[in-house]
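**Q** To start, I am sharing the structure in question, which I have written as structure tokens.
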Amino acid sequence: MTELLKSESRTASTGTIDQGNLLAALAGRERPPRPSALSTSLTFGWRAMLKIKHVPEQLFDVTMFPIMFTLIFTYLFGGALGGSPSEYLQFLLPGILVQTVVMITMYTGITLNVDIEKGIFDRVRSLPIWRPSALVGALIGDAIRYTIACAVVVALGLILGFRPDGGAVGVVTGVLLVLLFCFSLSWVWTFLGLLLRSQQSVMGVSMMVLFPLTFASSVFVSPSTMPGWLQAFVNINPITHLVNAARGLMQDEPAGSDVLKVLIACAVLVLVFAPLTMHRYNASK
Amino acid sequence: MPALLSIGTFRRGRSSRYPTKGCDVLLSESAEVLAIDARGLVKVFGNNRAVDGVDLRVPAGMVYGVLGPNGAGKTTTIRLLATLLTLDGGSASVFGHDVTTEADAVRGRVSLTGQFASVDEDLSGTENLVLLARLLGFSRSAAAARAAELLAAFDLTEAAGRQVKTFSGGMRRRIDIAASIVVTPDLIFLDEPTTGLDPRSRNQVWDIIRALVGAGTTVLLTTQYLDEADKLADRIAVIDRGTVIAEGTPSELKASVGAGTLRVRVQDPRRRARAGEVLAGALGGRVEPDPDPSAVLVRLPAEIQADQAASRATAALADLAAAGVPIADFALGQPSLDEVFMALTGHPAEDGSDPEKGPAKKSPAKNSPEKEDAA
């Protein structure tokens, strides 16, 4: 704070704008060639990285949240649900990985909503660049956050005694599938982030969607223990297929049909929500 | 001065009267393409016609002021012209490029500084400028060099590494403008650039605006400060409730409400009434209340042209001396744009957001020809 005040008074002491410098700076009128879509998307990804550097607290949700969830469910319910915590962990870990990362995706919509509220997107949208790059860049940044969350869950699992039969290859493929699904799901939240007025409402709606989706799935228990009507829902829930696929890949069990269903779900999410998002983005408020 | 004639002759709901003769003469003289040519812009949000038939012709190379109270439609107009909103009616082109069909070409010529911080508060000043430079296609090293140059020019070098959220209001506004001119645009929209700034910071922003015009950039400036439009703008459009209600140079607008006021302080307060009689008689104007017990305020009638105001006032002061009323001092005031606004809209600039209030009780429009039009 004192540092802030000091430099404030230094600025005050100069006070005037040097017209010579100003005119020289204004002479830069030639515009470099238009950058590629990839380049602008990566630049927005770089912005997301800078934000992590300046506000490391925002990594709280991708580190503490997964640790908390993994510990709570393993030790609180492990004995009751799976015989013992270490046995249950073998079943739970791929599921808790999916749940934590899927939950984190909602911050994508919230961040976007904040950006719009502050007016940053006004400037970005008035630039002559490939329009989706701001959103794609933000999603690239988020993919890195999701990767951190995955790494935290897997590392914690290994410490607690998770021993996947699929080995490193199985775990990495499982994680990649989860990341792909979350990237696709994020387009739902970017759409909501553009659609809804405040970050509170984005958060509210996201929670309302995510809680039933993640709990009414095969994350915590096998669907065969549930009443028939619930099984019906659980079996069409894409989260169930994602969890089954991740579980299969990590435990080296056949998971082909679940993987396929997840890939279809990803394609549908992107094909529906990416155009909706872009439409909303182009014509927003 | 043909443009003078057209001032105040058009009003809300009669856009057919809008392209003014004076304006057309002015344009035909400069064969250049208009920086902004907007005709009948309409933007509707639900039941609210935020912009309802705005016409603007902005010649290149000037500061063009868009003046109006909160909620008049200034920001919406700018956002339409900067391709951030789609038109619900009318058409607009920027340097000859249509904002709807050639949006990218428009985006390549313009830059926007919004009312709210349009830089990322979490990033440092340098990072914000490098980010924009990279988005505009600068190489990594060129982006860094350009950022440093701009920060120096805007007196922000010392704060370059700090997060923008720690900046003062004036610094924040300067980094906002710097971010808009990473590539110096041909047209810059400045949406209320001095709102909420202290006088020193406001002066800095004014210096920057003058330098921008000096460098050949056309500036479209919105403001609700009448003196700001008066000081900076070459031409002004007054907007109220989504429509342009007057357009012209600041002095034309002021001339449209009469030549202003003569304020005289007499040495002996007891002679105030007598002084009022003499001055009102000599000028053909009326005396208005003044809180100072020794001051007389006479509003010059609209018949007196602005360039005759001084000689008529001198004659009136001579009459006062002949009547044996000694004076302490006097001042000839040009009408303020506040008065212009009152005359044009029937309500002061401040309560523009509340149209139900109706005309204010003390209306200087009484003597002006716009009265019938505005009512």
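The chains in the structure tokens are called A, B, ... from first to last as shown; in each chain the residues are counted from 1, and the ligands are counted from 1 in the order shown.
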With only C-alpha atoms as the counted atoms, please give the residues lying no more than 10 Å from Gln231 in chain A, apart from itself and same-chain residues fewer than 5 positions off, as a VMD selection string.
**A** chain A and resid 216 to 218 222 to 226 236 to 237
**Q** Go ahead and write the selection's residues with N, CA, C and O atoms as a PDB file, in the first residue's frame.
**A**
ATOM      1  N   ALA A 216     -26.071 -38.098  -9.924  1.00  0.00           N
ATOM      2  CA  ALA A 216     -26.890 -39.159 -10.504  1.00  0.00           C
ATOM      3  C   ALA A 216     -26.138 -39.799 -11.658  1.00  0.00           C
ATOM      4  O   ALA A 216     -26.522 -39.698 -12.818  1.00  0.00           O
ATOM      5  N   SER A 217     -25.033 -40.434 -11.323  1.00  0.00           N
ATOM      6  CA  SER A 217     -24.180 -41.058 -12.336  1.00  0.00           C
ATOM      7  C   SER A 217     -23.462 -42.214 -11.659  1.00  0.00           C
ATOM      8  O   SER A 217     -23.733 -42.544 -10.498  1.00  0.00           O
ATOM      9  N   SER A 218     -22.509 -42.780 -12.356  1.00  0.00           N
ATOM     10  CA  SER A 218     -21.783 -43.904 -11.757  1.00  0.00           C
ATOM     11  C   SER A 218     -20.526 -43.452 -11.032  1.00  0.00           C
ATOM     12  O   SER A 218     -19.611 -44.233 -10.816  1.00  0.00           O
ATOM     13  N   SER A 222     -22.219 -48.153  -8.129  1.00  0.00           N
ATOM     14  CA  SER A 222     -22.665 -48.789  -9.362  1.00  0.00           C
ATOM     15  C   SER A 222     -24.162 -48.550  -9.540  1.00  0.00           C
ATOM     16  O   SER A 222     -24.936 -48.685  -8.589  1.00  0.00           O
ATOM     17  N   PRO A 223     -24.603 -48.208 -10.723  1.00  0.00           N
ATOM     18  CA  PRO A 223     -26.023 -47.913 -10.959  1.00  0.00           C
ATOM     19  C   PRO A 223     -26.925 -49.109 -10.632  1.00  0.00           C
ATOM     20  O   PRO A 223     -28.113 -48.925 -10.377  1.00  0.00           O
ATOM     21  N   SER A 224     -26.360 -50.327 -10.599  1.00  0.00           N
ATOM     22  CA  SER A 224     -27.206 -51.499 -10.344  1.00  0.00           C
ATOM     23  C   SER A 224     -27.831 -51.471  -8.954  1.00  0.00           C
ATOM     24  O   SER A 224     -28.793 -52.183  -8.678  1.00  0.00           O
ATOM     25  N   THR A 225     -27.293 -50.628  -8.034  1.00  0.00           N
ATOM     26  CA  THR A 225     -27.867 -50.528  -6.688  1.00  0.00           C
ATOM     27  C   THR A 225     -29.027 -49.560  -6.621  1.00  0.00           C
ATOM     28  O   THR A 225     -29.621 -49.358  -5.574  1.00  0.00           O
ATOM     29  N   MET A 226     -29.322 -48.870  -7.733  1.00  0.00           N
ATOM     30  CA  MET A 226     -30.323 -47.787  -7.694  1.00  0.00           C
ATOM     31  C   MET A 226     -31.678 -48.295  -8.158  1.00  0.00           C
ATOM     32  O   MET A 226     -31.768 -49.284  -8.876  1.00  0.00           O
ATOM     33  N   ILE A 236     -28.472 -42.853 -19.264  1.00  0.00           N
ATOM     34  CA  ILE A 236     -28.339 -41.966 -20.431  1.00  0.00           C
ATOM     35  C   ILE A 236     -27.487 -40.740 -20.117  1.00  0.00           C
ATOM     36  O   ILE A 236     -27.174 -39.945 -20.991  1.00  0.00           O
ATOM     37  N   ASN A 237     -27.111 -40.586 -18.846  1.00  0.00           N
ATOM     38  CA  ASN A 237     -26.290 -39.439 -18.434  1.00  0.00           C
ATOM     39  C   ASN A 237     -24.886 -39.570 -19.044  1.00  0.00           C
ATOM     40  O   ASN A 237     -24.189 -40.560 -18.799  1.00  0.00           O
TER      41      ASN A 237
END
**Q** Set the distance at 12 Å and use only C-alpha atoms: which residues neighbour range 68-70 of chain A once local chain neighbours fewer than 4 positions away are removed? I'd like the list as a compact mmCIF listing (two decimals) with N, CA and C atoms, in the first residue's frame.
**A**
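The resulting result-v5.txt:
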# COMPACT_ATOMS: atom_id res chain seq x y z
N PHE A 60 -7.05 -22.19 -6.45
CA PHE A 60 -7.62 -22.84 -5.28
C PHE A 60 -8.64 -23.90 -5.68
N ASP A 61 -9.53 -23.52 -6.62
CA ASP A 61 -10.60 -24.44 -6.99
C ASP A 61 -10.07 -25.67 -7.73
N VAL A 62 -8.94 -25.54 -8.41
CA VAL A 62 -8.44 -26.72 -9.12
C VAL A 62 -7.47 -27.54 -8.27
N THR A 63 -7.16 -27.08 -7.06
CA THR A 63 -6.27 -27.86 -6.20
C THR A 63 -6.98 -28.33 -4.93
N MET A 64 -7.51 -27.37 -4.17
CA MET A 64 -8.10 -27.74 -2.89
C MET A 64 -9.39 -28.52 -3.05
N THR A 74 -13.33 -40.82 -0.06
CA THR A 74 -12.58 -42.04 0.19
C THR A 74 -12.75 -42.51 1.63
N TYR A 75 -12.54 -41.57 2.57
CA TYR A 75 -12.50 -42.00 3.97
C TYR A 75 -13.86 -41.99 4.65
N LEU A 76 -14.77 -41.10 4.18
CA LEU A 76 -16.07 -41.02 4.82
C LEU A 76 -16.95 -42.19 4.36
N PHE A 77 -16.95 -42.45 3.06
CA PHE A 77 -17.87 -43.44 2.52
C PHE A 77 -17.20 -44.74 2.11
N GLY A 78 -15.87 -44.72 2.03
CA GLY A 78 -15.14 -45.89 1.51
C GLY A 78 -15.50 -47.17 2.24
N PRO A 85 -11.66 -48.20 2.68
CA PRO A 85 -11.28 -47.02 1.89
C PRO A 85 -10.35 -47.37 0.72
N SER A 86 -9.38 -48.25 0.95
CA SER A 86 -8.41 -48.48 -0.13
C SER A 86 -9.05 -49.27 -1.28
N TYR A 88 -12.30 -49.09 -2.02
CA TYR A 88 -13.24 -48.16 -2.66
C TYR A 88 -12.49 -47.17 -3.56
N LEU A 89 -11.29 -46.80 -3.14
CA LEU A 89 -10.51 -45.82 -3.90
C LEU A 89 -10.26 -46.30 -5.33
N GLN A 90 -10.04 -47.62 -5.49
CA GLN A 90 -9.80 -48.17 -6.84
C GLN A 90 -10.99 -47.89 -7.75
N PHE A 91 -12.20 -47.95 -7.13
CA PHE A 91 -13.42 -47.70 -7.89
C PHE A 91 -13.67 -46.19 -8.03
N LEU A 92 -13.47 -45.49 -6.93
CA LEU A 92 -13.86 -44.08 -6.86
C LEU A 92 -12.98 -43.16 -7.68
N LEU A 93 -11.68 -43.39 -7.71
CA LEU A 93 -10.77 -42.36 -8.22
C LEU A 93 -11.10 -41.85 -9.62
N PRO A 94 -11.32 -42.73 -10.60
CA PRO A 94 -11.68 -42.19 -11.92
C PRO A 94 -12.96 -41.36 -11.85
N GLY A 95 -13.91 -41.78 -10.98
CA GLY A 95 -15.17 -41.05 -10.84
C GLY A 95 -14.97 -39.68 -10.22
N ILE A 96 -14.18 -39.64 -9.15
CA ILE A 96 -13.99 -38.35 -8.47
C ILE A 96 -13.20 -37.40 -9.37
N LEU A 97 -12.33 -37.98 -10.20
CA LEU A 97 -11.59 -37.17 -11.17
C LEU A 97 -12.58 -36.48 -12.11
N VAL A 98 -13.52 -37.27 -12.63
CA VAL A 98 -14.52 -36.70 -13.54
C VAL A 98 -15.34 -35.64 -12.81
N GLN A 99 -15.79 -35.97 -11.60
CA GLN A 99 -16.66 -35.02 -10.91
C GLN A 99 -15.97 -33.68 -10.65
N THR A 100 -14.76 -33.74 -10.11
CA THR A 100 -14.10 -32.47 -9.77
C THR A 100 -13.85 -31.63 -11.01
N VAL A 101 -13.36 -32.26 -12.07
CA VAL A 101 -13.02 -31.46 -13.25
C VAL A 101 -14.28 -30.94 -13.92
N MET A 103 -17.04 -30.19 -12.44
CA MET A 103 -17.52 -29.08 -11.60
C MET A 103 -16.73 -27.80 -11.89
N ALA A 149 -5.92 -29.80 -12.29
CA ALA A 149 -6.84 -30.51 -11.40
C ALA A 149 -6.69 -32.02 -11.55
N CYS A 150 -6.59 -32.50 -12.80
CA CYS A 150 -6.42 -33.94 -13.04
C CYS A 150 -5.14 -34.44 -12.39
N VAL A 152 -3.58 -33.21 -9.89
CA VAL A 152 -3.70 -33.22 -8.43
C VAL A 152 -4.45 -34.47 -7.97
N VAL A 153 -5.57 -34.77 -8.63
CA VAL A 153 -6.38 -35.92 -8.21
C VAL A 153 -5.59 -37.22 -8.39
N VAL A 154 -4.96 -37.37 -9.55
CA VAL A 154 -4.23 -38.62 -9.80
C VAL A 154 -3.07 -38.77 -8.82
N ALA A 155 -2.34 -37.68 -8.60
CA ALA A 155 -1.19 -37.75 -7.68
C ALA A 155 -1.66 -38.11 -6.27
N LEU A 156 -2.75 -37.46 -5.84
CA LEU A 156 -3.27 -37.75 -4.50
C LEU A 156 -3.72 -39.21 -4.43
N GLY A 157 -4.41 -39.65 -5.50
CA GLY A 157 -4.87 -41.04 -5.54
C GLY A 157 -3.71 -42.01 -5.39
N LEU A 158 -2.64 -41.74 -6.13
CA LEU A 158 -1.48 -42.65 -6.07
C LEU A 158 -0.89 -42.68 -4.67
N ILE A 159 -0.86 -41.51 -4.02
CA ILE A 159 -0.34 -41.46 -2.65
C ILE A 159 -1.21 -42.28 -1.72
N LEU A 160 -2.55 -42.18 -1.92
CA LEU A 160 -3.48 -42.87 -1.03
C LEU A 160 -3.58 -44.37 -1.32
N PHE A 162 -4.03 -45.74 -4.82
CA PHE A 162 -4.70 -46.08 -6.08
C PHE A 162 -3.69 -46.80 -6.98
N VAL A 219 -20.47 -42.13 -10.65
CA VAL A 219 -19.26 -41.64 -9.99
C VAL A 219 -19.02 -42.37 -8.66
N PHE A 220 -20.08 -42.48 -7.84
CA PHE A 220 -19.87 -42.95 -6.47
C PHE A 220 -20.22 -44.42 -6.25
**Q** Could you pull out the helix (DSSP H, G or I) residues of range 124-323 of chain B from DSSP and send them as a ChimeraX atom specification?
**A** /B:125-135,140-153,157-159,164-166,169-180,199-214,226-232,250-255,269-283,306-322
**Q** Tell me, counting only C-alpha atoms, for each residue of chain A within 6 Å of chain B, which pair of atoms is nearest and how far apart they are in Å to one decimal, in rows ordered by chain and increasing number, as a Markdown table.
**A**
| residue | atom | partner | partner_atom | distance |
| --- | --- | --- | --- | --- |
| A:Asn21 | CA | B:Ala153 | CA | 4.8 |
| A:Leu22 | CA | B:Ala153 | CA | 4.7 |
| A:Leu26 | CA | B:Thr184 | CA | 5.8 |
| A:Gly28 | CA | B:Thr184 | CA | 5.9 |
| A:Arg29 | CA | B:Thr184 | CA | 4.8 |
| A:Pro32 | CA | B:Gly137 | CA | 5.4 |
| A:Pro33 | CA | B:Gly137 | CA | 5.9 |
| A:Arg34 | CA | B:Gly137 | CA | 5.4 |
| A:Pro35 | CA | B:Gly137 | CA | 4.7 |
| A:Thr40 | CA | B:Leu135 | CA | 5.5 |
| A:Gly119 | CA | B:Ser118 | CA | 5.0 |
| A:Ile120 | CA | B:Ser118 | CA | 4.2 |
| A:Ser126 | CA | B:Arg107 | CA | 5.6 |
| A:Leu127 | CA | B:Arg107 | CA | 5.6 |
| A:Pro128 | CA | B:Arg107 | CA | 5.2 |
**Q** Just the number, please: distance in Å from CA of Ala282 in chain B to CA of Leu253 in chain B, one decimal.
**A** 25.3 Å
**Q** Tell me, in Å to one decimal, how far CA of Val55 in chain A is from CA of Ser41 in chain A.
**A**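 Between CA of Val55 in chain A and CA of Ser41 in chain A the gap is 21.1 Å.
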**Q** Counting only C-alpha atoms, figure out which residue out of A:Ala24, A:Leu179, A:Met106, A:Met49 gets nearest to Val205 in chain A.
**A**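 Distance minimum relative to Val205 in chain A lands on A:Met106.
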**Q** Could you pull out all residues of range 74-292 of chain B with a DSSP call of strand (DSSP E) and give them as a VMD selection string?
**A** chain B and resid 89 to 94 97 to 98 110 to 113 187 to 191 218 to 223 235 to 240 243 to 248 261 to 266 286 to 288
**Q** Name all residues at most 9 Å from Arg272 in chain B (count only C-alpha atoms; drop same-chain ones fewer than 4 positions away) and give them as a list in words.
**A** Arg265, Val266, Gln267, Asp268, Gly276, Glu277, Pro293, Ser294, Ala295, Val296 and Val325 of chain B
**Q** Which polymer residues have any atom within 8 Å of an atom of range 225-231 of chain B, counting only C-alpha atoms, with same-chain residues fewer than 2 positions away left out, as number ranges by chain?
**A** B: 65-67, 223, 233, 236, 250, 336-338
**Q** What is the CA of Gln58 in chain A to CA of Gly141 in chain A distance in Å?
**A**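 Distance between the two atoms: 12.3 Å.
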**Q** Env of Asp252 in chain A: 12 Å cut, atoms = only C-alpha atoms, seq-sep filter 4 positions within chain, self excluded. Answer as a list in words.
**A**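 Neighbouring residues, sequence-local ones excluded: Arg163, Pro164, Asp165, Gly166, Gly167, Ala168, Val169, Gly170, Val171, Thr173, Gly174, Asn244, Ala245, Ala246, Arg247, Gly248 and Gly256 of chain A.
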**Q** Take the residues just selected and output them with N, CA, C and O atoms as a compact mmCIF listing (two decimals), in the first residue's frame.
**A**
# COMPACT_ATOMS: atom_id res chain seq x y z
N ARG A 163 -4.02 -48.03 -7.38
CA ARG A 163 -3.09 -48.80 -8.21
C ARG A 163 -3.81 -49.27 -9.47
O ARG A 163 -4.36 -50.37 -9.51
N PRO A 164 -3.85 -48.44 -10.49
CA PRO A 164 -4.62 -48.79 -11.68
C PRO A 164 -3.96 -49.90 -12.49
O PRO A 164 -2.74 -49.88 -12.70
N ASP A 165 -4.78 -50.86 -12.97
CA ASP A 165 -4.24 -51.96 -13.79
C ASP A 165 -3.82 -51.48 -15.16
O ASP A 165 -3.01 -52.11 -15.82
N GLY A 166 -4.41 -50.38 -15.64
CA GLY A 166 -4.10 -49.87 -16.97
C GLY A 166 -2.74 -49.20 -17.06
O GLY A 166 -2.30 -48.84 -18.16
N GLY A 167 -2.08 -48.98 -15.92
CA GLY A 167 -0.76 -48.36 -15.91
C GLY A 167 -0.79 -46.92 -16.36
O GLY A 167 -1.86 -46.31 -16.51
N ALA A 168 0.40 -46.38 -16.61
CA ALA A 168 0.53 -44.96 -16.98
C ALA A 168 -0.26 -44.65 -18.24
O ALA A 168 -0.96 -43.63 -18.33
N VAL A 169 -0.18 -45.55 -19.23
CA VAL A 169 -0.88 -45.30 -20.50
C VAL A 169 -2.38 -45.20 -20.27
O VAL A 169 -3.05 -44.28 -20.75
N GLY A 170 -2.93 -46.14 -19.49
CA GLY A 170 -4.35 -46.14 -19.20
C GLY A 170 -4.77 -44.86 -18.49
O GLY A 170 -5.78 -44.24 -18.85
N VAL A 171 -3.99 -44.44 -17.50
CA VAL A 171 -4.33 -43.23 -16.74
C VAL A 171 -4.28 -42.01 -17.65
O VAL A 171 -5.21 -41.19 -17.66
N THR A 173 -4.54 -41.81 -20.96
CA THR A 173 -5.65 -41.80 -21.94
C THR A 173 -6.95 -41.41 -21.25
O THR A 173 -7.75 -40.66 -21.80
N GLY A 174 -7.17 -41.97 -20.05
CA GLY A 174 -8.38 -41.63 -19.31
C GLY A 174 -8.46 -40.13 -19.05
O GLY A 174 -9.49 -39.50 -19.28
N ASN A 244 -17.45 -44.37 -16.74
CA ASN A 244 -17.20 -45.77 -17.11
C ASN A 244 -16.02 -45.90 -18.06
O ASN A 244 -15.19 -46.80 -17.93
N ALA A 245 -15.95 -44.96 -19.02
CA ALA A 245 -14.84 -44.99 -19.98
C ALA A 245 -13.51 -44.77 -19.27
O ALA A 245 -12.54 -45.50 -19.48
N ALA A 246 -13.47 -43.74 -18.39
CA ALA A 246 -12.22 -43.43 -17.67
C ALA A 246 -11.83 -44.61 -16.79
O ALA A 246 -10.66 -45.01 -16.72
N ARG A 247 -12.82 -45.19 -16.12
CA ARG A 247 -12.58 -46.34 -15.25
C ARG A 247 -12.03 -47.50 -16.07
O ARG A 247 -11.03 -48.13 -15.68
N GLY A 248 -12.67 -47.77 -17.21
CA GLY A 248 -12.23 -48.87 -18.06
C GLY A 248 -10.80 -48.68 -18.53
O GLY A 248 -9.97 -49.59 -18.46
N GLY A 256 -14.67 -49.71 -24.86
CA GLY A 256 -14.85 -49.18 -26.21
C GLY A 256 -16.17 -48.46 -26.43
O GLY A 256 -16.20 -47.33 -26.92
**Q** With only C-alpha atoms as the atoms that count, which of B:Asp234, B:Val278, B:Pro199, B:His97 lies nearest to Gly324 in chain B?
**A** B:Val278
